[in-house]
Amino acid sequence: MTAEFTSANSRPSLELEGGAEPSSPFLPFQRVAILGVGLMGGSFGMALRARGLAQTVVGWDRNPDTLSLAQQRGAIDLAEPDLALAVQDADAIFLAVPVTIAPDLLERIAPYVGPTALLSDLGSVKTEIVATGERLFGERFIGGHPMAGSEQSGVGASRADLFEAAAWAIVPTEAEPVLSEPSLARLLTLITALNARPLLLDAATHDRLVALISHLPHVLAFALRNTVETDLERELALQLAGGSYRDMTRVASSDPDLWRGIFQANRDFLLAALTTYEQQLTTLIQSLRDNTI
């Protein structure tokens, strides 16, 4: 298992057999704590349990009803409403909370995390989270972002196969990570055991690229839906709409509060992506006006 880790100013490359089985059998974690058991956290817990990758999966969430439903659906073994108790005996801790609250949550759990525990997250913006994790936990914190999800939200939409064949960005705190470092090696092996494809990136490169291929499409979907909704004959338009409109606006039904936080957290890179897109639109508009398209 080898990889070349590159800086934000160069093209990232990777040589990891993401879809293959790990080169050695994965030794299950004794206790995995998942903080936030919505769609992503619930699906992660289901995947761990379905593949036997953790002996015990503990879930924590701010909403007690969410915790109860997560246990009913088999996303977690144990529901723990006390944050300190959820993490103190865990040998792996994964944050699956909105990116806007993840740094504060890392601060809150720091006094209770064991000295050898692996920490990671599933958030779609990495710079601040990784910086906070590095300050608090050093190389034991490794940022993560599985490129999987749904326009649906909540643990009720979670499923064990959500991460199958998905790219999973891995963002270590080290500028030049060593793949044999225990925490990183363990996380890479776990991801391949989930049949996902690990991709090593630095935080800035990750945030710039996801602004292009994830955050920008969501902005455009929201904008397209809003454009149609301003038309006086929008109901008739929706009756007429075919697959192209449905495909382009599917993600516009995503949780707006969640995505508002993501847009704010990745503001600079998203603005850059929007500016480039605006230039493309301006060129297209001018070609239509000039009848040169």
# chains A, B, ... in the order shown; residues from 1 in each chain; ligands from 1
>>> select_by_dssp(residues="range 36-259 of chain A", states="helix (DSSP H, G or I)", output="PyMOL selection string")
chain A and resi 39-50+64-72+83-87+102-112+127-140+155-157+182-193+203-229+234-240+243-253+256-259
>>> select_by_dssp(residues="range 75-224 of chain A", states="strand (DSSP E)", output="list in words")
Leu78, Ala79, Ala92, Ile93, Phe94, Leu95, Leu118, Leu119, Ser120, Asp121, Phe141, Ile142, Gly143, Gly144, His145, Pro146, Ala167, Trp168, Ala169, Ile170, Val171, Pro172, Arg197, Pro198, Leu199 and Leu200 of chain A
>>> residues_around(residues="Ile129 in chain A", least_positions_apart="2", cutoff="9 Å", atoms="only C-alpha atoms", output="PyMOL selection string")
chain A and resi 99+102-103+106+121+123+125-127+131-134+143
>>> closest_residue(among="A:Thr249, A:Met40, A:Gln71, A:Ala272", to="Gly149 in chain A", atoms="only C-alpha atoms")
A:Met40
>>> residues_around(residues="range 237-247 of chain A", least_positions_apart="4", cutoff="9 Å", atoms="only C-alpha atoms", output="PyMOL selection string")
chain A and resi 224-225+228+231+233+251
>>> residues_around(residues="Val58 in chain A", least_positions_apart="4", cutoff="6 Å", atoms="only C-alpha atoms", output="ChimeraX atom specification")
/A:33,76-79
>>> write_last_selection(atoms="C-alpha atoms", output="PDB file, in the first residue's frame")
ATOM      1  CA  ALA A  33     -17.627   6.141  19.108  1.00  0.00           C
ATOM      2  CA  ILE A  76     -25.184   1.538  16.777  1.00  0.00           C
ATOM      3  CA  ASP A  77     -24.939  -1.022  19.553  1.00  0.00           C
ATOM      4  CA  LEU A  78     -25.174   1.442  22.407  1.00  0.00           C
ATOM      5  CA  ALA A  79     -26.713   4.902  22.712  1.00  0.00           C
TER       6      ALA A  79
END
>>> atom_distance(atom1="CA of Leu188 in chain A", atom2="CA of Ile93 in chain A")
14.8 Å
>>> residues_around(residues="Thr100 in chain A", least_positions_apart="4", cutoff="12 Å", atoms="only C-alpha atoms", output="ChimeraX atom specification")
/A:95-96,104-106,123-129,257-266
>>> residues_around(residues="Arg31 in chain A", least_positions_apart="2", cutoff="6 Å", atoms="only C-alpha atoms", output="list in words")
Phe29, Thr56, Val57, Ala90 and Asp91 of chain A
>>> write_last_selection(atoms="N, CA and C atoms", output="compact mmCIF listing (two decimals), in the first residue's frame")
# COMPACT_ATOMS: atom_id res chain seq x y z
N PHE A 29 -11.88 -2.81 15.70
CA PHE A 29 -11.77 -1.93 16.85
C PHE A 29 -12.57 -2.52 18.00
N THR A 56 -17.93 -3.05 19.35
CA THR A 56 -19.03 -2.25 19.89
C THR A 56 -19.02 -0.89 19.23
N VAL A 57 -20.17 -0.48 18.71
CA VAL A 57 -20.33 0.85 18.12
C VAL A 57 -21.22 1.67 19.05
N ALA A 90 -13.17 4.70 24.08
CA ALA A 90 -13.15 4.35 22.66
C ALA A 90 -11.72 4.29 22.14
N ASP A 91 -11.42 3.30 21.30
CA ASP A 91 -10.12 3.28 20.64
C ASP A 91 -10.19 3.93 19.27
>>> closest_residue(among="A:Glu278, A:Asp65, A:Glu80, A:Asp202", to="Gly38 in chain A", atoms="only C-alpha atoms")
A:Asp65
>>> closest_residue(among="A:Ala169, A:Leu187, A:Ala175, A:Leu35", to="Leu200 in chain A", atoms="only C-alpha atoms")
A:Ala169
>>> atom_distance(atom1="CA of Glu107 in chain A", atom2="CA of Trp168 in chain A")
24.6 Å
>>> closest_residue(among="A:Arg289, A:Arg135, A:Arg208, A:Arg62", to="Arg267 in chain A", atoms="only C-alpha atoms")
A:Arg208
>>> closest_residue(among="A:Ala166, A:Leu53, A:Ile142, A:Ala70", to="Leu27 in chain A", atoms="only C-alpha atoms")
A:Leu53
